[in-house]
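A.B. asks: File follows, data.txt with compact mmCIF, C-alpha atoms:
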```txt
# COMPACT_ATOMS: atom_id res chain seq x y z
CA MET A 1 0.00 0.00 0.00
CA THR A 2 1.29 3.44 -0.92
CA ASN A 3 1.67 5.84 1.96
CA LEU A 4 1.78 9.21 0.21
CA LYS A 5 1.45 11.19 3.43
CA SER A 6 4.61 9.55 4.77
CA GLY A 7 6.34 10.13 1.44
CA PHE A 8 5.42 13.82 1.43
CA LEU A 9 6.57 14.22 5.03
CA ALA A 10 9.85 12.44 4.29
CA GLY A 11 10.32 14.45 1.09
CA PHE A 12 9.79 17.71 2.94
CA ALA A 13 12.19 16.77 5.75
CA ALA A 14 14.86 15.61 3.30
CA THR A 15 14.44 18.75 1.19
CA LEU A 16 14.70 20.91 4.30
CA VAL A 17 17.98 19.27 5.34
CA LEU A 18 19.32 19.49 1.77
CA SER A 19 18.33 23.16 1.60
CA VAL A 20 20.02 24.04 4.89
CA LEU A 21 23.21 22.37 3.64
CA MET A 22 22.95 24.26 0.33
CA VAL A 23 22.60 27.59 2.15
CA LEU A 24 25.50 26.76 4.50
CA LYS A 25 27.63 25.79 1.50
CA GLY A 26 26.97 29.18 -0.06
CA MET A 27 27.59 31.04 3.20
CA MET A 28 30.97 29.33 3.52
CA GLY A 29 31.86 30.49 0.02
CA VAL A 30 31.90 26.97 -1.39
CA MET A 31 30.70 27.11 -4.98
CA PRO A 32 28.29 30.04 -4.44
CA GLU A 33 27.65 30.03 -8.20
CA LEU A 34 25.93 26.65 -7.78
CA ASP A 35 22.66 28.07 -6.48
CA VAL A 36 19.92 25.59 -7.34
CA ALA A 37 17.05 27.83 -6.21
CA ALA A 38 18.32 30.70 -8.37
CA MET A 39 18.81 28.30 -11.29
CA LEU A 40 15.23 26.98 -10.95
CA GLY A 41 13.85 30.49 -10.67
CA LYS A 42 15.76 31.59 -13.76
CA MET A 43 14.57 28.51 -15.71
CA MET A 44 10.98 29.51 -14.89
CA GLY A 45 11.58 33.18 -15.70
CA ALA A 46 10.97 34.01 -12.05
CA SER A 47 12.80 35.08 -8.89
CA THR A 48 15.03 33.03 -6.63
CA ALA A 49 12.18 33.03 -4.08
CA ILE A 50 9.97 31.24 -6.62
CA GLY A 51 12.92 28.91 -7.28
CA TRP A 52 12.89 27.99 -3.57
CA VAL A 53 9.15 27.29 -3.72
CA ALA A 54 9.70 25.07 -6.77
CA HIS A 55 12.64 23.34 -5.05
CA PHE A 56 10.49 22.48 -2.01
CA ALA A 57 7.53 21.46 -4.18
CA LEU A 58 9.72 19.11 -6.22
CA GLY A 59 11.42 17.63 -3.16
CA THR A 60 8.22 17.23 -1.16
CA LEU A 61 5.59 16.31 -3.73
CA ILE A 62 7.47 14.80 -6.66
CA TRP A 63 10.43 13.09 -4.97
CA GLY A 64 8.65 12.34 -1.68
CA GLY A 65 5.57 11.06 -3.48
CA ALA A 66 7.59 9.01 -5.95
CA PHE A 67 9.56 7.46 -3.10
CA ALA A 68 6.31 6.30 -1.47
CA VAL A 69 4.84 5.04 -4.74
CA PHE A 70 7.94 3.12 -5.83
CA TYR A 71 9.18 2.15 -2.35
CA ASN A 72 8.72 -1.61 -2.81
CA ALA A 73 10.43 -1.57 -6.22
CA ILE A 74 13.51 0.38 -5.07
CA PRO A 75 16.48 -1.91 -4.39
CA GLY A 76 17.74 -2.12 -0.83
CA GLY A 77 17.04 -3.99 2.35
CA SER A 78 16.15 -1.01 4.55
CA ALA A 79 14.38 2.30 4.13
CA VAL A 80 17.68 4.16 4.47
CA VAL A 81 19.38 2.12 1.73
CA LYS A 82 16.32 2.58 -0.47
CA GLY A 83 16.49 6.31 0.27
CA VAL A 84 20.15 6.48 -0.73
CA VAL A 85 19.45 4.57 -3.97
CA PHE A 86 16.54 6.90 -4.67
CA GLY A 87 18.65 9.98 -3.84
CA ILE A 88 21.35 8.85 -6.26
CA ALA A 89 18.72 8.31 -8.97
CA ALA A 90 17.33 11.81 -8.32
CA TRP A 91 20.87 13.20 -8.54
CA ALA A 92 21.44 11.43 -11.87
CA GLY A 93 18.21 12.90 -13.24
CA MET A 94 19.25 16.34 -12.09
CA MET A 95 22.69 15.96 -13.67
CA VAL A 96 21.39 14.70 -17.03
CA PHE A 97 18.24 16.80 -17.42
CA VAL A 98 18.08 19.82 -15.08
CA MET A 99 21.71 20.97 -15.22
CA PRO A 100 21.82 21.11 -19.04
CA MET A 101 18.43 22.89 -19.14
CA ALA A 102 19.81 25.43 -16.65
CA GLY A 103 22.81 26.08 -18.91
CA ALA A 104 25.31 24.36 -16.59
CA GLY A 105 26.07 21.52 -18.99
CA LEU A 106 25.84 17.78 -18.56
CA PHE A 107 26.53 16.86 -14.92
CA GLY A 108 26.88 20.58 -14.18
CA MET A 109 30.40 20.52 -15.60
CA GLY A 110 30.05 24.20 -16.48
CA PHE A 111 30.74 24.73 -12.77
CA GLY A 112 33.69 22.32 -12.73
CA MET A 113 34.30 18.86 -11.30
CA MET A 114 33.18 19.82 -7.79
CA ALA A 115 29.57 20.36 -8.94
CA PRO A 116 28.66 16.73 -9.59
CA VAL A 117 30.65 15.50 -6.58
CA MET A 118 29.13 18.01 -4.16
CA THR A 119 25.60 17.50 -5.44
CA LEU A 120 26.03 13.72 -5.22
CA VAL A 121 27.02 13.99 -1.55
CA LEU A 122 24.05 16.28 -0.89
CA HIS A 123 21.67 13.84 -2.61
CA ILE A 124 23.04 10.91 -0.60
CA ILE A 125 22.31 12.89 2.57
CA PHE A 126 18.86 13.68 1.11
CA GLY A 127 18.31 9.95 0.62
CA VAL A 128 19.37 9.06 4.17
CA VAL A 129 16.95 11.59 5.64
CA LEU A 130 14.22 10.54 3.19
CA GLY A 131 14.54 6.89 4.20
CA LYS A 132 14.79 7.54 7.96
CA VAL A 133 11.80 9.87 8.09
CA TYR A 134 9.72 7.63 5.82
CA GLN A 135 10.49 4.60 7.98
CA ALA A 136 9.65 6.46 11.19
CA SER A 137 6.43 7.79 9.68
CA ILE A 138 5.12 4.46 8.42
CA ALA A 139 6.00 2.86 11.77
CA LYS A 140 3.68 5.37 13.51
CA ALA A 141 0.85 4.82 11.02
```
What's the structure tokens form of this structure?

C.D. replies:
Amino acid sequence: MTNLKSGFLAGFAATLVLSVLMVLKGMMGVMPELDVAAMLGKMMGASTAIGWVAHFALGTLIWGGAFAVFYNAIPGGSAVVKGVVFGIAAWAGMMVFVMPMAGAGLFGMGFGMMAPVMTLVLHIIFGVVLGKVYQASIAKA
């Protein structure tokens, strides 16, 4: 049975953690040009604030919902492993589709080698949080 509510909750929590890490990265001066919210806003012809709304909507509704829907089909023995696998798949989609559409090139190589490495690490963390929160949520249901 699909538990969309748990997926949305897990997606929101994982997106929140990812977003905090993205902001901290920028505040530390680490690749400030890699600003996903600004990139999303620009792709939509809108502001960075709208980019943040889109970022949270995608992470919560699309990725969180998809995780719940496809949970049983995702490889892995635990929710956390499934989350990491899912996070890596989301990262790959971002690298192959979103980055080129944003003008950053395939795998974001327009920003250099650190872009795909850093975003992979962030998406692995996203996946860990996604899996942990989803597991905790379905256990309470």

A.B. asks: Grab the atom CA of Met44 of chain A to atom CA of Phe56 of chain A distance for me, in Å with one decimal place.

C.D. replies: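 About the pair atom CA of Met44 of chain A and atom CA of Phe56 of chain A: they are 14.7 Å apart.
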
A.B. asks: Under the rule that all atoms listed in the file are counted, which of A:Ala14, A:Met43, A:Leu120, A:Val23 is the nearest residue to Pro100 of chain A?

C.D. replies: A:Met43

A.B. asks: If we count all atoms listed in the file and set the cut-off at 12 Å, which residues sit around Met114 of chain A, ignoring sequence neighbours fewer than 6 positions away in its own chain? Please answer as a ChimeraX atom specification.

C.D. replies: /A:30-34,107-108,120-122

A.B. asks: Convert the current residue selection to file output with C-alpha atoms, as an mmCIF file, keeping the file's coordinate frame.

C.D. replies:
```cif
data_model
loop_
_atom_site.group_PDB
_atom_site.id
_atom_site.type_symbol
_atom_site.label_atom_id
_atom_site.label_comp_id
_atom_site.auth_asym_id
_atom_site.auth_seq_id
_atom_site.Cartn_x
_atom_site.Cartn_y
_atom_site.Cartn_z
ATOM 1 C CA VAL A 30 31.900 26.970 -1.390
ATOM 2 C CA MET A 31 30.700 27.110 -4.980
ATOM 3 C CA PRO A 32 28.290 30.040 -4.440
ATOM 4 C CA GLU A 33 27.650 30.030 -8.200
ATOM 5 C CA LEU A 34 25.930 26.650 -7.780
ATOM 6 C CA PHE A 107 26.530 16.860 -14.920
ATOM 7 C CA GLY A 108 26.880 20.580 -14.180
ATOM 8 C CA LEU A 120 26.030 13.720 -5.220
ATOM 9 C CA VAL A 121 27.020 13.990 -1.550
ATOM 10 C CA LEU A 122 24.050 16.280 -0.890
#
```

A.B. asks: Give me, please, the distance in Å between atom CA of Val128 of chain A and atom CA of Ala79 of chain A, quoted to one decimal.

C.D. replies: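 Result for atom CA of Val128 of chain A versus atom CA of Ala79 of chain A: 8.4 Å, one decimal.
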
A.B. asks: Please provide the set of residues having any atom within 9 Å of Val80 of chain A, restricted to all atoms listed in the file, with same-chain residues fewer than 4 positions apart removed, written as a PyMOL selection string.

C.D. replies: chain A and resi 76+84-85+127-135

A.B. asks: Can you work out which one of A:Ala13, A:Ala115, A:Ala57, A:Phe126 has the shortest atom-to-atom distance to Phe86 of chain A, counting only C-alpha atoms?

C.D. replies: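 Of A:Ala13, A:Ala115, A:Ala57, A:Phe126, the one nearest Phe86 of chain A is A:Phe126, counting only C-alpha atoms.
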
A.B. asks: Counting all atoms listed in the file, which of A:Gly77, A:Gly87, A:Gly105, A:Gly51 gets nearest to Gly64 of chain A?

C.D. replies: A:Gly87

A.B. asks: Extract chain A from the preceding block and save C-alpha atoms as an mmCIF file, in the first residue's frame.

C.D. replies:
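After the write, part_19.cif holds the following:
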```cif
data_model
loop_
_atom_site.group_PDB
_atom_site.id
_atom_site.type_symbol
_atom_site.label_atom_id
_atom_site.label_comp_id
_atom_site.auth_asym_id
_atom_site.auth_seq_id
_atom_site.Cartn_x
_atom_site.Cartn_y
_atom_site.Cartn_z
ATOM 1 C CA MET A 1 0.000 0.000 0.000
ATOM 2 C CA THR A 2 1.291 3.437 -0.923
ATOM 3 C CA ASN A 3 1.669 5.839 1.963
ATOM 4 C CA LEU A 4 1.784 9.213 0.208
ATOM 5 C CA LYS A 5 1.447 11.193 3.430
ATOM 6 C CA SER A 6 4.614 9.549 4.773
ATOM 7 C CA GLY A 7 6.340 10.131 1.440
ATOM 8 C CA PHE A 8 5.416 13.817 1.429
ATOM 9 C CA LEU A 9 6.567 14.217 5.033
ATOM 10 C CA ALA A 10 9.855 12.436 4.289
ATOM 11 C CA GLY A 11 10.323 14.448 1.088
ATOM 12 C CA PHE A 12 9.791 17.712 2.938
ATOM 13 C CA ALA A 13 12.191 16.768 5.748
ATOM 14 C CA ALA A 14 14.862 15.611 3.300
ATOM 15 C CA THR A 15 14.441 18.755 1.187
ATOM 16 C CA LEU A 16 14.696 20.913 4.302
ATOM 17 C CA VAL A 17 17.979 19.268 5.344
ATOM 18 C CA LEU A 18 19.317 19.488 1.774
ATOM 19 C CA SER A 19 18.330 23.161 1.599
ATOM 20 C CA VAL A 20 20.025 24.040 4.890
ATOM 21 C CA LEU A 21 23.205 22.371 3.640
ATOM 22 C CA MET A 22 22.949 24.256 0.333
ATOM 23 C CA VAL A 23 22.601 27.588 2.145
ATOM 24 C CA LEU A 24 25.499 26.759 4.497
ATOM 25 C CA LYS A 25 27.630 25.788 1.496
ATOM 26 C CA GLY A 26 26.969 29.177 -0.063
ATOM 27 C CA MET A 27 27.586 31.041 3.198
ATOM 28 C CA MET A 28 30.971 29.329 3.515
ATOM 29 C CA GLY A 29 31.857 30.491 0.017
ATOM 30 C CA VAL A 30 31.900 26.967 -1.389
ATOM 31 C CA MET A 31 30.698 27.114 -4.981
ATOM 32 C CA PRO A 32 28.291 30.041 -4.441
ATOM 33 C CA GLU A 33 27.650 30.027 -8.205
ATOM 34 C CA LEU A 34 25.934 26.648 -7.784
ATOM 35 C CA ASP A 35 22.657 28.074 -6.477
ATOM 36 C CA VAL A 36 19.919 25.591 -7.337
ATOM 37 C CA ALA A 37 17.046 27.831 -6.209
ATOM 38 C CA ALA A 38 18.325 30.699 -8.370
ATOM 39 C CA MET A 39 18.806 28.300 -11.286
ATOM 40 C CA LEU A 40 15.234 26.978 -10.948
ATOM 41 C CA GLY A 41 13.845 30.494 -10.672
ATOM 42 C CA LYS A 42 15.756 31.587 -13.764
ATOM 43 C CA MET A 43 14.568 28.510 -15.705
ATOM 44 C CA MET A 44 10.980 29.515 -14.891
ATOM 45 C CA GLY A 45 11.579 33.181 -15.700
ATOM 46 C CA ALA A 46 10.972 34.014 -12.048
ATOM 47 C CA SER A 47 12.796 35.075 -8.894
ATOM 48 C CA THR A 48 15.032 33.031 -6.630
ATOM 49 C CA ALA A 49 12.180 33.029 -4.082
ATOM 50 C CA ILE A 50 9.974 31.242 -6.622
ATOM 51 C CA GLY A 51 12.920 28.907 -7.282
ATOM 52 C CA TRP A 52 12.892 27.993 -3.569
ATOM 53 C CA VAL A 53 9.145 27.291 -3.723
ATOM 54 C CA ALA A 54 9.705 25.069 -6.770
ATOM 55 C CA HIS A 55 12.641 23.341 -5.046
ATOM 56 C CA PHE A 56 10.486 22.476 -2.013
ATOM 57 C CA ALA A 57 7.527 21.457 -4.177
ATOM 58 C CA LEU A 58 9.719 19.110 -6.217
ATOM 59 C CA GLY A 59 11.419 17.630 -3.157
ATOM 60 C CA THR A 60 8.218 17.234 -1.162
ATOM 61 C CA LEU A 61 5.588 16.313 -3.728
ATOM 62 C CA ILE A 62 7.468 14.798 -6.663
ATOM 63 C CA TRP A 63 10.430 13.094 -4.970
ATOM 64 C CA GLY A 64 8.652 12.339 -1.681
ATOM 65 C CA GLY A 65 5.568 11.064 -3.480
ATOM 66 C CA ALA A 66 7.595 9.012 -5.947
ATOM 67 C CA PHE A 67 9.558 7.456 -3.098
ATOM 68 C CA ALA A 68 6.309 6.302 -1.471
ATOM 69 C CA VAL A 69 4.838 5.036 -4.742
ATOM 70 C CA PHE A 70 7.939 3.119 -5.832
ATOM 71 C CA TYR A 71 9.181 2.151 -2.353
ATOM 72 C CA ASN A 72 8.717 -1.608 -2.812
ATOM 73 C CA ALA A 73 10.427 -1.566 -6.221
ATOM 74 C CA ILE A 74 13.511 0.377 -5.067
ATOM 75 C CA PRO A 75 16.476 -1.913 -4.386
ATOM 76 C CA GLY A 76 17.742 -2.121 -0.829
ATOM 77 C CA GLY A 77 17.039 -3.991 2.351
ATOM 78 C CA SER A 78 16.154 -1.011 4.545
ATOM 79 C CA ALA A 79 14.383 2.302 4.131
ATOM 80 C CA VAL A 80 17.681 4.156 4.474
ATOM 81 C CA VAL A 81 19.382 2.119 1.730
ATOM 82 C CA LYS A 82 16.316 2.579 -0.471
ATOM 83 C CA GLY A 83 16.489 6.312 0.267
ATOM 84 C CA VAL A 84 20.149 6.481 -0.734
ATOM 85 C CA VAL A 85 19.453 4.568 -3.972
ATOM 86 C CA PHE A 86 16.544 6.902 -4.673
ATOM 87 C CA GLY A 87 18.649 9.978 -3.843
ATOM 88 C CA ILE A 88 21.353 8.853 -6.263
ATOM 89 C CA ALA A 89 18.719 8.305 -8.968
ATOM 90 C CA ALA A 90 17.327 11.808 -8.322
ATOM 91 C CA TRP A 91 20.871 13.203 -8.536
ATOM 92 C CA ALA A 92 21.437 11.432 -11.871
ATOM 93 C CA GLY A 93 18.210 12.895 -13.239
ATOM 94 C CA MET A 94 19.252 16.345 -12.093
ATOM 95 C CA MET A 95 22.685 15.962 -13.668
ATOM 96 C CA VAL A 96 21.391 14.702 -17.025
ATOM 97 C CA PHE A 97 18.238 16.804 -17.422
ATOM 98 C CA VAL A 98 18.083 19.818 -15.083
ATOM 99 C CA MET A 99 21.706 20.974 -15.223
ATOM 100 C CA PRO A 100 21.816 21.106 -19.039
ATOM 101 C CA MET A 101 18.428 22.894 -19.138
ATOM 102 C CA ALA A 102 19.807 25.432 -16.647
ATOM 103 C CA GLY A 103 22.813 26.078 -18.909
ATOM 104 C CA ALA A 104 25.307 24.363 -16.591
ATOM 105 C CA GLY A 105 26.073 21.520 -18.987
ATOM 106 C CA LEU A 106 25.840 17.775 -18.562
ATOM 107 C CA PHE A 107 26.528 16.858 -14.921
ATOM 108 C CA GLY A 108 26.884 20.580 -14.181
ATOM 109 C CA MET A 109 30.397 20.518 -15.596
ATOM 110 C CA GLY A 110 30.045 24.199 -16.476
ATOM 111 C CA PHE A 111 30.736 24.726 -12.773
ATOM 112 C CA GLY A 112 33.694 22.321 -12.731
ATOM 113 C CA MET A 113 34.296 18.861 -11.303
ATOM 114 C CA MET A 114 33.177 19.820 -7.789
ATOM 115 C CA ALA A 115 29.569 20.364 -8.938
ATOM 116 C CA PRO A 116 28.656 16.730 -9.589
ATOM 117 C CA VAL A 117 30.646 15.505 -6.582
ATOM 118 C CA MET A 118 29.125 18.005 -4.155
ATOM 119 C CA THR A 119 25.596 17.500 -5.441
ATOM 120 C CA LEU A 120 26.028 13.718 -5.217
ATOM 121 C CA VAL A 121 27.023 13.990 -1.554
ATOM 122 C CA LEU A 122 24.049 16.277 -0.889
ATOM 123 C CA HIS A 123 21.673 13.837 -2.609
ATOM 124 C CA ILE A 124 23.038 10.912 -0.603
ATOM 125 C CA ILE A 125 22.306 12.892 2.574
ATOM 126 C CA PHE A 126 18.857 13.683 1.105
ATOM 127 C CA GLY A 127 18.310 9.948 0.622
ATOM 128 C CA VAL A 128 19.372 9.058 4.166
ATOM 129 C CA VAL A 129 16.946 11.593 5.637
ATOM 130 C CA LEU A 130 14.216 10.542 3.192
ATOM 131 C CA GLY A 131 14.544 6.894 4.202
ATOM 132 C CA LYS A 132 14.792 7.539 7.956
ATOM 133 C CA VAL A 133 11.798 9.868 8.086
ATOM 134 C CA TYR A 134 9.717 7.628 5.822
ATOM 135 C CA GLN A 135 10.490 4.596 7.981
ATOM 136 C CA ALA A 136 9.648 6.462 11.186
ATOM 137 C CA SER A 137 6.429 7.793 9.679
ATOM 138 C CA ILE A 138 5.124 4.462 8.420
ATOM 139 C CA ALA A 139 6.004 2.863 11.772
ATOM 140 C CA LYS A 140 3.676 5.365 13.506
ATOM 141 C CA ALA A 141 0.848 4.822 11.017
#
```
